[in-house]
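Notes for the one structure printed next.
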Amino acid sequence: MNIAERCICCDGDRLHRSPAVLMPFVANRVFGWEPVEITPAWGMQTLSLGMAYPLCKSLQCEVCGMLFLDMRFSDAEMDRLYSGYRGSEYTATRERFEPGYAARNNLLMERAAYLSQVEAMIAPYLAGPPHVLDWGGDTGLNTPFRDSAASVSVFDISGLATAEGVKPLTRADLARSDFDLVVCSNVLEHVPSPADLLDEIGAVMTSRTLLYLEVPLEAYVAENLGVENLATGKKHWHEHVNFFTETALRTLISRRGLVVVHLEVIETQIYGRLGRQFCVLCRRA
């Protein structure tokens, strides 16, 4: 694990900082940590009694507004967090820390209803049925154009079996493939270095490849637009370790040699909850 000292989008060093906690499920999955109760039996002279949770910091860039967790997980730590994602062991552990999660998880076993909006947004920029790569696409259940594409492939670290008609790819496979559309949906908010991920994706794109990015407009950000320092109010972190503003997202994309050809915010329903998503179409500059 590294601790961030600069903005992960614009690389600036003007950061607001505020204490927060890492949620118990993530701490357990990544580090094997459990919450503990400090009792009189501990014999502590200077610590208050009560539950103890892992400390971290919320950081927000003063320039682009990016809000993020200071902990940046290593590749091995990311593997521990996302291996078998939403599988039986993952779900059982999360249910232990977050009762009710298993029932919510069942809502994600069906294809997302808002994908028709996404496909309608992307279609005018495609010449025909595309060869699609879904980077971080889990099983491929929610890959756009899954039922009408020329081919659909997924590159994902979860190791889960892919949906019918979806081909899993290894990293070596990527270099030997050619794609019309690369999808990276609801991934950038999870990763320690969004810039590095966009560089990896850019390496498999040609001048004609279209990249579709989708990240949440987190409710906390949307409800506090114009607030100068969001770090002070962000007191906990879970799997989403990056909260994007539009400025931060555009800055990140531009700095990675990509050009935005379309950006809009759509309303979605995930876990039965209303939300908003940044939807961005890009090409190589």
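Residue names in the structure tokens use chain letters A, B, ... in the order shown, residue numbers from 1 in each chain, and ligand numbers from 1 in the order shown.
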| request: Just the residues within 6 Å of A:Asp134, please, counting only C-alpha atoms, with nothing from its chain fewer than 5 positions along; format it as a list of chain:residue names. | output: A:Val154, A:Val182, A:Val183
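Neighbouring residues of A:Ser18 at 12 Å or closer, counting only C-alpha atoms and skipping chain neighbours under 5 positions away, are Leu55, Cys56, Lys57, Ser58, Leu59, Gln60, Leu67, Phe68, Leu69, Asp70, Asn229, Leu230, Ala231, Thr232, Gly233, Lys234, Lys235 and His236 of chain A.
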Export, as a PDB file, in the first residue's frame, the selected residues with N, CA and C atoms.
ATOM      1  N   LEU A  55      -7.775   3.773  10.703  1.00  0.00           N
ATOM      2  CA  LEU A  55      -7.780   5.183  10.325  1.00  0.00           C
ATOM      3  C   LEU A  55      -7.197   5.376   8.928  1.00  0.00           C
ATOM      4  N   CYS A  56      -7.704   6.378   8.247  1.00  0.00           N
ATOM      5  CA  CYS A  56      -7.176   6.782   6.943  1.00  0.00           C
ATOM      6  C   CYS A  56      -7.441   8.274   6.817  1.00  0.00           C
ATOM      7  N   LYS A  57      -7.258   8.812   5.626  1.00  0.00           N
ATOM      8  CA  LYS A  57      -7.552  10.224   5.396  1.00  0.00           C
ATOM      9  C   LYS A  57      -8.336  10.403   4.097  1.00  0.00           C
ATOM     10  N   SER A  58      -9.226  11.373   4.134  1.00  0.00           N
ATOM     11  CA  SER A  58      -9.879  11.837   2.910  1.00  0.00           C
ATOM     12  C   SER A  58      -9.061  12.989   2.356  1.00  0.00           C
ATOM     13  N   LEU A  59      -8.771  12.917   1.057  1.00  0.00           N
ATOM     14  CA  LEU A  59      -8.013  13.972   0.383  1.00  0.00           C
ATOM     15  C   LEU A  59      -8.870  14.582  -0.725  1.00  0.00           C
ATOM     16  N   GLN A  60      -8.800  15.894  -0.881  1.00  0.00           N
ATOM     17  CA  GLN A  60      -9.446  16.541  -2.016  1.00  0.00           C
ATOM     18  C   GLN A  60      -8.518  17.558  -2.635  1.00  0.00           C
ATOM     19  N   LEU A  67     -11.843  13.944  -5.107  1.00  0.00           N
ATOM     20  CA  LEU A  67     -11.919  13.522  -3.713  1.00  0.00           C
ATOM     21  C   LEU A  67     -11.564  12.044  -3.650  1.00  0.00           C
ATOM     22  N   PHE A  68     -10.595  11.674  -2.786  1.00  0.00           N
ATOM     23  CA  PHE A  68     -10.122  10.296  -2.823  1.00  0.00           C
ATOM     24  C   PHE A  68      -9.522   9.863  -1.489  1.00  0.00           C
ATOM     25  N   LEU A  69      -9.431   8.543  -1.326  1.00  0.00           N
ATOM     26  CA  LEU A  69      -8.809   7.923  -0.156  1.00  0.00           C
ATOM     27  C   LEU A  69      -7.299   8.036  -0.267  1.00  0.00           C
ATOM     28  N   ASP A  70      -6.639   8.323   0.855  1.00  0.00           N
ATOM     29  CA  ASP A  70      -5.177   8.429   0.793  1.00  0.00           C
ATOM     30  C   ASP A  70      -4.512   7.077   0.583  1.00  0.00           C
ATOM     31  N   ASN A 229     -14.404  22.489   0.448  1.00  0.00           N
ATOM     32  CA  ASN A 229     -13.626  21.394   1.019  1.00  0.00           C
ATOM     33  C   ASN A 229     -14.544  20.236   1.375  1.00  0.00           C
ATOM     34  N   LEU A 230     -14.622  19.247   0.485  1.00  0.00           N
ATOM     35  CA  LEU A 230     -15.456  18.077   0.724  1.00  0.00           C
ATOM     36  C   LEU A 230     -14.763  17.034   1.597  1.00  0.00           C
ATOM     37  N   ALA A 231     -13.457  17.148   1.766  1.00  0.00           N
ATOM     38  CA  ALA A 231     -12.721  16.149   2.534  1.00  0.00           C
ATOM     39  C   ALA A 231     -13.199  16.095   3.987  1.00  0.00           C
ATOM     40  N   THR A 232     -13.540  17.235   4.562  1.00  0.00           N
ATOM     41  CA  THR A 232     -13.908  17.256   5.979  1.00  0.00           C
ATOM     42  C   THR A 232     -15.184  16.474   6.262  1.00  0.00           C
ATOM     43  N   GLY A 233     -16.063  16.367   5.289  1.00  0.00           N
ATOM     44  CA  GLY A 233     -17.327  15.664   5.495  1.00  0.00           C
ATOM     45  C   GLY A 233     -17.311  14.216   5.063  1.00  0.00           C
ATOM     46  N   LYS A 234     -16.229  13.784   4.420  1.00  0.00           N
ATOM     47  CA  LYS A 234     -16.129  12.402   3.954  1.00  0.00           C
ATOM     48  C   LYS A 234     -15.418  11.597   5.036  1.00  0.00           C
ATOM     49  N   LYS A 235     -16.213  10.852   5.848  1.00  0.00           N
ATOM     50  CA  LYS A 235     -15.668  10.224   7.049  1.00  0.00           C
ATOM     51  C   LYS A 235     -15.447   8.725   6.918  1.00  0.00           C
ATOM     52  N   HIS A 236     -15.811   8.120   5.810  1.00  0.00           N
ATOM     53  CA  HIS A 236     -15.579   6.684   5.649  1.00  0.00           C
ATOM     54  C   HIS A 236     -15.318   6.361   4.184  1.00  0.00           C
TER      55      HIS A 236
END
Could you write out, as an mmCIF file with all heavy atoms, in the first residue's frame, all the residues of stretch 4-163 of chain A that DSSP marks as alpha helix (DSSP H)?
data_model
loop_
_atom_site.group_PDB
_atom_site.id
_atom_site.type_symbol
_atom_site.label_atom_id
_atom_site.label_comp_id
_atom_site.auth_asym_id
_atom_site.auth_seq_id
_atom_site.Cartn_x
_atom_site.Cartn_y
_atom_site.Cartn_z
ATOM 1 N N PRO A 24 -14.933 -1.673 7.681
ATOM 2 C CA PRO A 24 -14.421 -2.963 8.155
ATOM 3 C C PRO A 24 -14.349 -4.054 7.098
ATOM 4 O O PRO A 24 -13.393 -4.842 7.113
ATOM 5 C CB PRO A 24 -15.408 -3.335 9.262
ATOM 6 C CG PRO A 24 -15.935 -2.042 9.749
ATOM 7 C CD PRO A 24 -15.992 -1.146 8.544
ATOM 8 N N PHE A 25 -15.321 -4.125 6.179
ATOM 9 C CA PHE A 25 -15.261 -5.179 5.162
ATOM 10 C C PHE A 25 -14.016 -5.037 4.305
ATOM 11 O O PHE A 25 -13.305 -6.011 4.043
ATOM 12 C CB PHE A 25 -16.504 -5.154 4.264
ATOM 13 C CG PHE A 25 -16.350 -5.988 3.026
ATOM 14 C CD1 PHE A 25 -16.381 -7.377 3.099
ATOM 15 C CD2 PHE A 25 -16.126 -5.395 1.785
ATOM 16 C CE1 PHE A 25 -16.210 -8.155 1.962
ATOM 17 C CE2 PHE A 25 -15.958 -6.157 0.654
ATOM 18 C CZ PHE A 25 -16.000 -7.538 0.737
ATOM 19 N N VAL A 26 -13.736 -3.815 3.831
ATOM 20 C CA VAL A 26 -12.579 -3.592 2.963
ATOM 21 C C VAL A 26 -11.297 -3.869 3.737
ATOM 22 O O VAL A 26 -10.367 -4.519 3.234
ATOM 23 C CB VAL A 26 -12.584 -2.163 2.399
ATOM 24 C CG1 VAL A 26 -11.331 -1.909 1.561
ATOM 25 C CG2 VAL A 26 -13.833 -1.926 1.558
ATOM 26 N N ALA A 27 -11.216 -3.397 4.976
ATOM 27 C CA ALA A 27 -10.024 -3.625 5.788
ATOM 28 C C ALA A 27 -9.781 -5.112 6.012
ATOM 29 O O ALA A 27 -8.641 -5.584 5.994
ATOM 30 C CB ALA A 27 -10.167 -2.916 7.129
ATOM 31 N N ASN A 28 -10.859 -5.870 6.204
ATOM 32 C CA ASN A 28 -10.716 -7.310 6.407
ATOM 33 C C ASN A 28 -10.294 -8.001 5.129
ATOM 34 O O ASN A 28 -9.400 -8.856 5.132
ATOM 35 C CB ASN A 28 -12.035 -7.889 6.911
ATOM 36 C CG ASN A 28 -11.982 -9.397 7.090
ATOM 37 O OD1 ASN A 28 -12.324 -10.146 6.179
ATOM 38 N ND2 ASN A 28 -11.537 -9.835 8.248
ATOM 39 N N ARG A 29 -10.918 -7.639 4.034
ATOM 40 C CA ARG A 29 -10.644 -8.299 2.757
ATOM 41 C C ARG A 29 -9.211 -8.021 2.279
ATOM 42 O O ARG A 29 -8.536 -8.913 1.769
ATOM 43 C CB ARG A 29 -11.654 -7.791 1.722
ATOM 44 C CG ARG A 29 -11.624 -8.476 0.390
ATOM 45 C CD ARG A 29 -12.505 -9.678 0.361
ATOM 46 N NE ARG A 29 -12.572 -10.211 -1.004
ATOM 47 C CZ ARG A 29 -13.012 -11.416 -1.305
ATOM 48 N NH1 ARG A 29 -13.432 -12.221 -0.353
ATOM 49 N NH2 ARG A 29 -13.037 -11.822 -2.554
ATOM 50 N N VAL A 30 -8.770 -6.781 2.452
ATOM 51 C CA VAL A 30 -7.456 -6.377 1.946
ATOM 52 C C VAL A 30 -6.338 -6.759 2.911
ATOM 53 O O VAL A 30 -5.302 -7.303 2.505
ATOM 54 C CB VAL A 30 -7.423 -4.860 1.674
ATOM 55 C CG1 VAL A 30 -6.015 -4.417 1.285
ATOM 56 C CG2 VAL A 30 -8.406 -4.494 0.575
ATOM 57 N N PHE A 31 -6.533 -6.482 4.210
ATOM 58 C CA PHE A 31 -5.449 -6.623 5.182
ATOM 59 C C PHE A 31 -5.673 -7.725 6.218
ATOM 60 O O PHE A 31 -4.779 -8.021 7.012
ATOM 61 C CB PHE A 31 -5.243 -5.305 5.934
ATOM 62 C CG PHE A 31 -4.941 -4.126 5.040
ATOM 63 C CD1 PHE A 31 -5.831 -3.062 4.940
ATOM 64 C CD2 PHE A 31 -3.772 -4.079 4.306
ATOM 65 C CE1 PHE A 31 -5.557 -1.970 4.134
ATOM 66 C CE2 PHE A 31 -3.489 -2.988 3.491
ATOM 67 C CZ PHE A 31 -4.385 -1.935 3.396
ATOM 68 N N ASP A 75 -1.151 -4.069 -6.178
ATOM 69 C CA ASP A 75 -1.779 -5.070 -7.049
ATOM 70 C C ASP A 75 -2.229 -6.289 -6.237
ATOM 71 O O ASP A 75 -3.332 -6.814 -6.456
ATOM 72 C CB ASP A 75 -0.813 -5.511 -8.151
ATOM 73 C CG ASP A 75 -0.575 -4.440 -9.193
ATOM 74 O OD1 ASP A 75 -1.362 -3.461 -9.234
ATOM 75 O OD2 ASP A 75 0.384 -4.568 -9.977
ATOM 76 N N ALA A 76 -1.380 -6.742 -5.321
ATOM 77 C CA ALA A 76 -1.725 -7.912 -4.505
ATOM 78 C C ALA A 76 -2.931 -7.619 -3.619
ATOM 79 O O ALA A 76 -3.806 -8.478 -3.429
ATOM 80 C CB ALA A 76 -0.530 -8.334 -3.658
ATOM 81 N N GLU A 77 -2.989 -6.413 -3.081
ATOM 82 C CA GLU A 77 -4.118 -6.038 -2.234
ATOM 83 C C GLU A 77 -5.399 -5.915 -3.039
ATOM 84 O O GLU A 77 -6.488 -6.313 -2.581
ATOM 85 C CB GLU A 77 -3.790 -4.737 -1.502
ATOM 86 C CG GLU A 77 -2.710 -4.917 -0.437
ATOM 87 C CD GLU A 77 -2.032 -3.639 -0.024
ATOM 88 O OE1 GLU A 77 -2.240 -2.590 -0.679
ATOM 89 O OE2 GLU A 77 -1.249 -3.667 0.957
ATOM 90 N N MET A 78 -5.296 -5.402 -4.272
ATOM 91 C CA MET A 78 -6.467 -5.343 -5.147
ATOM 92 C C MET A 78 -6.945 -6.741 -5.510
ATOM 93 O O MET A 78 -8.157 -7.001 -5.593
ATOM 94 C CB MET A 78 -6.135 -4.550 -6.409
ATOM 95 C CG MET A 78 -5.945 -3.064 -6.174
ATOM 96 S SD MET A 78 -7.475 -2.205 -5.711
ATOM 97 C CE MET A 78 -8.312 -2.166 -7.304
ATOM 98 N N ASP A 79 -6.015 -7.662 -5.729
ATOM 99 C CA ASP A 79 -6.390 -9.044 -6.021
ATOM 100 C C ASP A 79 -7.166 -9.646 -4.851
ATOM 101 O O ASP A 79 -8.161 -10.348 -5.051
ATOM 102 C CB ASP A 79 -5.150 -9.894 -6.313
ATOM 103 C CG ASP A 79 -4.567 -9.634 -7.687
ATOM 104 O OD1 ASP A 79 -5.278 -9.054 -8.536
ATOM 105 O OD2 ASP A 79 -3.402 -10.010 -7.918
ATOM 106 N N ARG A 80 -6.709 -9.379 -3.636
ATOM 107 C CA ARG A 80 -7.409 -9.916 -2.468
ATOM 108 C C ARG A 80 -8.809 -9.323 -2.343
ATOM 109 O O ARG A 80 -9.758 -10.010 -1.963
ATOM 110 C CB ARG A 80 -6.607 -9.655 -1.185
ATOM 111 C CG ARG A 80 -5.347 -10.499 -1.071
ATOM 112 C CD ARG A 80 -4.818 -10.532 0.353
ATOM 113 N NE ARG A 80 -4.282 -9.254 0.796
ATOM 114 C CZ ARG A 80 -3.009 -8.877 0.635
ATOM 115 N NH1 ARG A 80 -2.157 -9.671 0.005
ATOM 116 N NH2 ARG A 80 -2.593 -7.717 1.098
ATOM 117 N N LEU A 81 -8.941 -8.051 -2.666
ATOM 118 C CA LEU A 81 -10.231 -7.387 -2.539
ATOM 119 C C LEU A 81 -11.235 -7.872 -3.579
ATOM 120 O O LEU A 81 -12.419 -8.050 -3.276
ATOM 121 C CB LEU A 81 -10.040 -5.863 -2.651
ATOM 122 C CG LEU A 81 -11.292 -4.986 -2.536
ATOM 123 C CD1 LEU A 81 -12.036 -5.252 -1.227
ATOM 124 C CD2 LEU A 81 -10.918 -3.510 -2.651
ATOM 125 N N TYR A 82 -10.764 -8.117 -4.815
ATOM 126 C CA TYR A 82 -11.703 -8.358 -5.913
ATOM 127 C C TYR A 82 -11.693 -9.776 -6.476
ATOM 128 O O TYR A 82 -12.516 -10.097 -7.336
ATOM 129 C CB TYR A 82 -11.459 -7.348 -7.038
ATOM 130 C CG TYR A 82 -11.882 -5.965 -6.627
ATOM 131 C CD1 TYR A 82 -10.944 -4.974 -6.356
ATOM 132 C CD2 TYR A 82 -13.222 -5.668 -6.449
ATOM 133 C CE1 TYR A 82 -11.334 -3.713 -5.942
ATOM 134 C CE2 TYR A 82 -13.624 -4.405 -6.039
ATOM 135 C CZ TYR A 82 -12.687 -3.433 -5.788
ATOM 136 O OH TYR A 82 -13.078 -2.190 -5.367
ATOM 137 N N SER A 88 -19.573 -16.478 -3.700
ATOM 138 C CA SER A 88 -20.142 -16.929 -2.431
ATOM 139 C C SER A 88 -19.295 -16.508 -1.223
ATOM 140 O O SER A 88 -19.840 -16.046 -0.210
ATOM 141 C CB SER A 88 -20.314 -18.449 -2.454
ATOM 142 O OG SER A 88 -19.077 -19.097 -2.699
ATOM 143 N N GLU A 89 -17.961 -16.656 -1.317
ATOM 144 C CA GLU A 89 -17.111 -16.297 -0.183
ATOM 145 C C GLU A 89 -17.097 -14.788 0.042
ATOM 146 O O GLU A 89 -17.196 -14.307 1.176
ATOM 147 C CB GLU A 89 -15.686 -16.823 -0.414
ATOM 148 C CG GLU A 89 -14.758 -16.685 0.789
ATOM 149 C CD GLU A 89 -14.041 -15.337 0.820
ATOM 150 O OE1 GLU A 89 -13.882 -14.732 -0.255
ATOM 151 O OE2 GLU A 89 -13.666 -14.892 1.926
ATOM 152 N N TYR A 90 -16.987 -14.032 -1.044
ATOM 153 C CA TYR A 90 -17.026 -12.573 -0.969
ATOM 154 C C TYR A 90 -18.335 -12.114 -0.325
ATOM 155 O O TYR A 90 -18.347 -11.291 0.593
ATOM 156 C CB TYR A 90 -16.884 -11.983 -2.378
ATOM 157 C CG TYR A 90 -17.041 -10.485 -2.477
ATOM 158 C CD1 TYR A 90 -15.934 -9.662 -2.566
ATOM 159 C CD2 TYR A 90 -18.308 -9.891 -2.513
ATOM 160 C CE1 TYR A 90 -16.074 -8.284 -2.666
ATOM 161 C CE2 TYR A 90 -18.457 -8.525 -2.608
ATOM 162 C CZ TYR A 90 -17.340 -7.722 -2.687
ATOM 163 O OH TYR A 90 -17.492 -6.363 -2.776
ATOM 164 N N THR A 91 -19.447 -12.673 -0.813
ATOM 165 C CA THR A 91 -20.759 -12.258 -0.333
ATOM 166 C C THR A 91 -20.948 -12.611 1.136
ATOM 167 O O THR A 91 -21.497 -11.810 1.913
ATOM 168 C CB THR A 91 -21.865 -12.899 -1.189
ATOM 169 O OG1 THR A 91 -21.707 -12.482 -2.554
ATOM 170 C CG2 THR A 91 -23.249 -12.497 -0.703
ATOM 171 N N ALA A 92 -20.491 -13.808 1.546
ATOM 172 C CA ALA A 92 -20.641 -14.213 2.943
ATOM 173 C C ALA A 92 -19.852 -13.292 3.871
ATOM 174 O O ALA A 92 -20.347 -12.900 4.947
ATOM 175 C CB ALA A 92 -20.196 -15.660 3.109
ATOM 176 N N THR A 93 -18.611 -12.938 3.461
ATOM 177 C CA THR A 93 -17.804 -12.042 4.291
ATOM 178 C C THR A 93 -18.445 -10.665 4.388
ATOM 179 O O THR A 93 -18.536 -10.077 5.472
ATOM 180 C CB THR A 93 -16.379 -11.918 3.718
ATOM 181 O OG1 THR A 93 -15.781 -13.211 3.634
ATOM 182 C CG2 THR A 93 -15.515 -11.015 4.592
ATOM 183 N N ARG A 94 -18.917 -10.164 3.273
ATOM 184 C CA ARG A 94 -19.515 -8.830 3.289
ATOM 185 C C ARG A 94 -20.830 -8.817 4.067
ATOM 186 O O ARG A 94 -21.135 -7.839 4.759
ATOM 187 C CB ARG A 94 -19.718 -8.336 1.859
ATOM 188 C CG ARG A 94 -20.113 -6.872 1.778
ATOM 189 C CD ARG A 94 -19.782 -6.265 0.451
ATOM 190 N NE ARG A 94 -20.291 -4.912 0.345
ATOM 191 C CZ ARG A 94 -20.129 -4.124 -0.709
ATOM 192 N NH1 ARG A 94 -19.452 -4.568 -1.761
ATOM 193 N NH2 ARG A 94 -20.630 -2.908 -0.730
ATOM 194 N N GLU A 95 -21.590 -9.901 3.961
ATOM 195 C CA GLU A 95 -22.834 -10.000 4.727
ATOM 196 C C GLU A 95 -22.544 -9.963 6.231
ATOM 197 O O GLU A 95 -23.321 -9.398 7.011
ATOM 198 C CB GLU A 95 -23.570 -11.284 4.350
ATOM 199 C CG GLU A 95 -24.872 -11.518 5.107
ATOM 200 C CD GLU A 95 -26.010 -10.602 4.685
ATOM 201 O OE1 GLU A 95 -25.928 -9.998 3.592
ATOM 202 O OE2 GLU A 95 -26.983 -10.487 5.461
ATOM 203 N N ARG A 96 -21.427 -10.556 6.643
ATOM 204 C CA ARG A 96 -21.064 -10.549 8.067
ATOM 205 C C ARG A 96 -20.847 -9.132 8.572
ATOM 206 O O ARG A 96 -21.255 -8.784 9.686
ATOM 207 C CB ARG A 96 -19.804 -11.397 8.285
ATOM 208 C CG ARG A 96 -19.297 -11.394 9.728
ATOM 209 C CD ARG A 96 -18.298 -12.511 9.981
ATOM 210 N NE ARG A 96 -17.034 -12.316 9.287
ATOM 211 C CZ ARG A 96 -16.004 -11.641 9.796
ATOM 212 N NH1 ARG A 96 -16.097 -11.071 11.004
ATOM 213 N NH2 ARG A 96 -14.872 -11.535 9.124
ATOM 214 N N PHE A 97 -20.210 -8.308 7.766
ATOM 215 C CA PHE A 97 -19.946 -6.931 8.173
ATOM 216 C C PHE A 97 -21.110 -5.994 7.845
ATOM 217 O O PHE A 97 -21.299 -4.985 8.525
ATOM 218 C CB PHE A 97 -18.679 -6.407 7.487
ATOM 219 C CG PHE A 97 -17.403 -6.998 8.021
ATOM 220 C CD1 PHE A 97 -16.728 -7.974 7.316
ATOM 221 C CD2 PHE A 97 -16.886 -6.576 9.235
ATOM 222 C CE1 PHE A 97 -15.553 -8.525 7.800
ATOM 223 C CE2 PHE A 97 -15.703 -7.117 9.735
ATOM 224 C CZ PHE A 97 -15.040 -8.095 9.014
ATOM 225 N N TYR A 101 -26.448 -7.218 2.707
ATOM 226 C CA TYR A 101 -25.727 -7.116 1.438
ATOM 227 C C TYR A 101 -26.129 -8.226 0.472
ATOM 228 O O TYR A 101 -26.287 -7.979 -0.724
ATOM 229 C CB TYR A 101 -24.214 -7.157 1.650
ATOM 230 C CG TYR A 101 -23.474 -7.260 0.330
ATOM 231 C CD1 TYR A 101 -23.300 -6.137 -0.475
ATOM 232 C CD2 TYR A 101 -22.991 -8.488 -0.144
ATOM 233 C CE1 TYR A 101 -22.668 -6.226 -1.693
ATOM 234 C CE2 TYR A 101 -22.354 -8.582 -1.364
ATOM 235 C CZ TYR A 101 -22.200 -7.454 -2.137
ATOM 236 O OH TYR A 101 -21.582 -7.555 -3.363
ATOM 237 N N ALA A 102 -26.279 -9.460 0.964
ATOM 238 C CA ALA A 102 -26.580 -10.582 0.070
ATOM 239 C C ALA A 102 -27.870 -10.335 -0.701
ATOM 240 O O ALA A 102 -27.946 -10.624 -1.901
ATOM 241 C CB ALA A 102 -26.671 -11.877 0.866
ATOM 242 N N ALA A 103 -28.884 -9.786 -0.043
ATOM 243 C CA ALA A 103 -30.146 -9.491 -0.722
ATOM 244 C C ALA A 103 -29.948 -8.414 -1.782
ATOM 245 O O ALA A 103 -30.494 -8.511 -2.888
ATOM 246 C CB ALA A 103 -31.196 -9.054 0.293
ATOM 247 N N ARG A 104 -29.144 -7.386 -1.471
ATOM 248 C CA ARG A 104 -28.878 -6.333 -2.462
ATOM 249 C C ARG A 104 -28.097 -6.899 -3.640
ATOM 250 O O ARG A 104 -28.321 -6.534 -4.790
ATOM 251 C CB ARG A 104 -28.100 -5.171 -1.831
ATOM 252 C CG ARG A 104 -28.848 -4.437 -0.743
ATOM 253 C CD ARG A 104 -28.220 -3.087 -0.420
ATOM 254 N NE ARG A 104 -26.821 -3.175 -0.082
ATOM 255 C CZ ARG A 104 -26.352 -3.425 1.126
ATOM 256 N NH1 ARG A 104 -27.206 -3.633 2.135
ATOM 257 N NH2 ARG A 104 -25.057 -3.468 1.366
ATOM 258 N N ASN A 105 -27.158 -7.793 -3.342
ATOM 259 C CA ASN A 105 -26.336 -8.384 -4.391
ATOM 260 C C ASN A 105 -27.185 -9.152 -5.391
ATOM 261 O O ASN A 105 -26.884 -9.190 -6.586
ATOM 262 C CB ASN A 105 -25.283 -9.313 -3.765
ATOM 263 C CG ASN A 105 -24.242 -9.773 -4.758
ATOM 264 O OD1 ASN A 105 -23.804 -9.009 -5.609
ATOM 265 N ND2 ASN A 105 -23.845 -11.022 -4.646
ATOM 266 N N ASN A 106 -28.255 -9.764 -4.923
ATOM 267 C CA ASN A 106 -29.128 -10.514 -5.824
ATOM 268 C C ASN A 106 -29.765 -9.627 -6.884
ATOM 269 O O ASN A 106 -30.110 -10.092 -7.975
ATOM 270 C CB ASN A 106 -30.220 -11.239 -5.030
ATOM 271 C CG ASN A 106 -29.670 -12.410 -4.239
ATOM 272 O OD1 ASN A 106 -28.630 -12.965 -4.578
ATOM 273 N ND2 ASN A 106 -30.369 -12.786 -3.176
ATOM 274 N N LEU A 115 -28.927 0.179 -19.568
ATOM 275 C CA LEU A 115 -27.971 -0.061 -20.649
ATOM 276 C C LEU A 115 -28.521 0.319 -22.016
ATOM 277 O O LEU A 115 -27.766 0.630 -22.935
ATOM 278 C CB LEU A 115 -27.516 -1.518 -20.646
ATOM 279 C CG LEU A 115 -26.504 -1.860 -19.547
ATOM 280 C CD1 LEU A 115 -26.267 -3.356 -19.478
ATOM 281 C CD2 LEU A 115 -25.190 -1.139 -19.771
ATOM 282 N N SER A 116 -29.831 0.312 -22.170
ATOM 283 C CA SER A 116 -30.401 0.744 -23.450
ATOM 284 C C SER A 116 -30.082 2.216 -23.709
ATOM 285 O O SER A 116 -29.842 2.615 -24.858
ATOM 286 C CB SER A 116 -31.911 0.512 -23.472
ATOM 287 O OG SER A 116 -32.538 1.221 -22.408
ATOM 288 N N GLN A 117 -30.058 3.034 -22.644
ATOM 289 C CA GLN A 117 -29.659 4.435 -22.787
ATOM 290 C C GLN A 117 -28.205 4.543 -23.216
ATOM 291 O O GLN A 117 -27.851 5.370 -24.071
ATOM 292 C CB GLN A 117 -29.828 5.182 -21.471
ATOM 293 C CG GLN A 117 -31.231 5.454 -21.015
ATOM 294 C CD GLN A 117 -31.230 6.146 -19.671
ATOM 295 O OE1 GLN A 117 -31.455 5.526 -18.634
ATOM 296 N NE2 GLN A 117 -30.956 7.432 -19.663
ATOM 297 N N VAL A 118 -27.369 3.724 -22.608
ATOM 298 C CA VAL A 118 -25.943 3.746 -22.915
ATOM 299 C C VAL A 118 -25.714 3.353 -24.378
ATOM 300 O O VAL A 118 -24.949 3.998 -25.105
ATOM 301 C CB VAL A 118 -25.176 2.808 -21.963
ATOM 302 C CG1 VAL A 118 -23.721 2.643 -22.405
ATOM 303 C CG2 VAL A 118 -25.238 3.341 -20.535
ATOM 304 N N GLU A 119 -26.361 2.298 -24.820
ATOM 305 C CA GLU A 119 -26.197 1.840 -26.207
ATOM 306 C C GLU A 119 -26.672 2.902 -27.191
ATOM 307 O O GLU A 119 -26.040 3.116 -28.234
ATOM 308 C CB GLU A 119 -26.949 0.529 -26.400
ATOM 309 C CG GLU A 119 -26.324 -0.630 -25.638
ATOM 310 C CD GLU A 119 -27.127 -1.903 -25.707
ATOM 311 O OE1 GLU A 119 -28.299 -1.853 -26.139
ATOM 312 O OE2 GLU A 119 -26.592 -2.963 -25.330
ATOM 313 N N ALA A 120 -27.790 3.574 -26.879
ATOM 314 C CA ALA A 120 -28.285 4.636 -27.752
ATOM 315 C C ALA A 120 -27.316 5.800 -27.822
ATOM 316 O O ALA A 120 -27.178 6.466 -28.862
ATOM 317 C CB ALA A 120 -29.653 5.110 -27.265
ATOM 318 N N MET A 121 -26.599 6.064 -26.742
ATOM 319 C CA MET A 121 -25.605 7.130 -26.703
ATOM 320 C C MET A 121 -24.381 6.796 -27.556
ATOM 321 O O MET A 121 -23.838 7.646 -28.271
ATOM 322 C CB MET A 121 -25.181 7.359 -25.241
ATOM 323 C CG MET A 121 -24.170 8.473 -25.032
ATOM 324 S SD MET A 121 -23.477 8.395 -23.345
ATOM 325 C CE MET A 121 -24.940 8.116 -22.369
ATOM 326 N N ILE A 122 -23.945 5.538 -27.488
ATOM 327 C CA ILE A 122 -22.720 5.126 -28.160
ATOM 328 C C ILE A 122 -22.936 4.863 -29.647
ATOM 329 O O ILE A 122 -22.063 5.159 -30.479
ATOM 330 C CB ILE A 122 -22.153 3.854 -27.492
ATOM 331 C CG1 ILE A 122 -21.797 4.118 -26.035
ATOM 332 C CG2 ILE A 122 -20.922 3.345 -28.241
ATOM 333 C CD1 ILE A 122 -21.384 2.871 -25.265
#
| With only C-alpha atoms as the basis for distance, which of A:Ile253, A:Ala52, A:Arg14, A:Glu34 is at the shortest distance from A:Leu197? |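 Of all the options, A:Ile253 lies closest to A:Leu197.
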| task | Take atom CA of A:Gly275 and atom CA of A:Glu218 and report the distance between them in Å, one decimal. | result |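 So the answer is 7.7 Å.
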| request: For each of A:Gln45, A:Ser185, A:Ser254, A:Asn242, take the minimum atom-to-atom distance to A:Gln277, counting only C-alpha atoms, then give the residue where this is smallest. | output: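 Counting only C-alpha atoms, the residue closest to A:Gln277 is A:Ser185.
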| Nearest residue to A:Arg72 from the set A:Glu5, A:Glu214, A:Glu246, A:Asp13 (distances using only C-alpha atoms) | A:Glu5
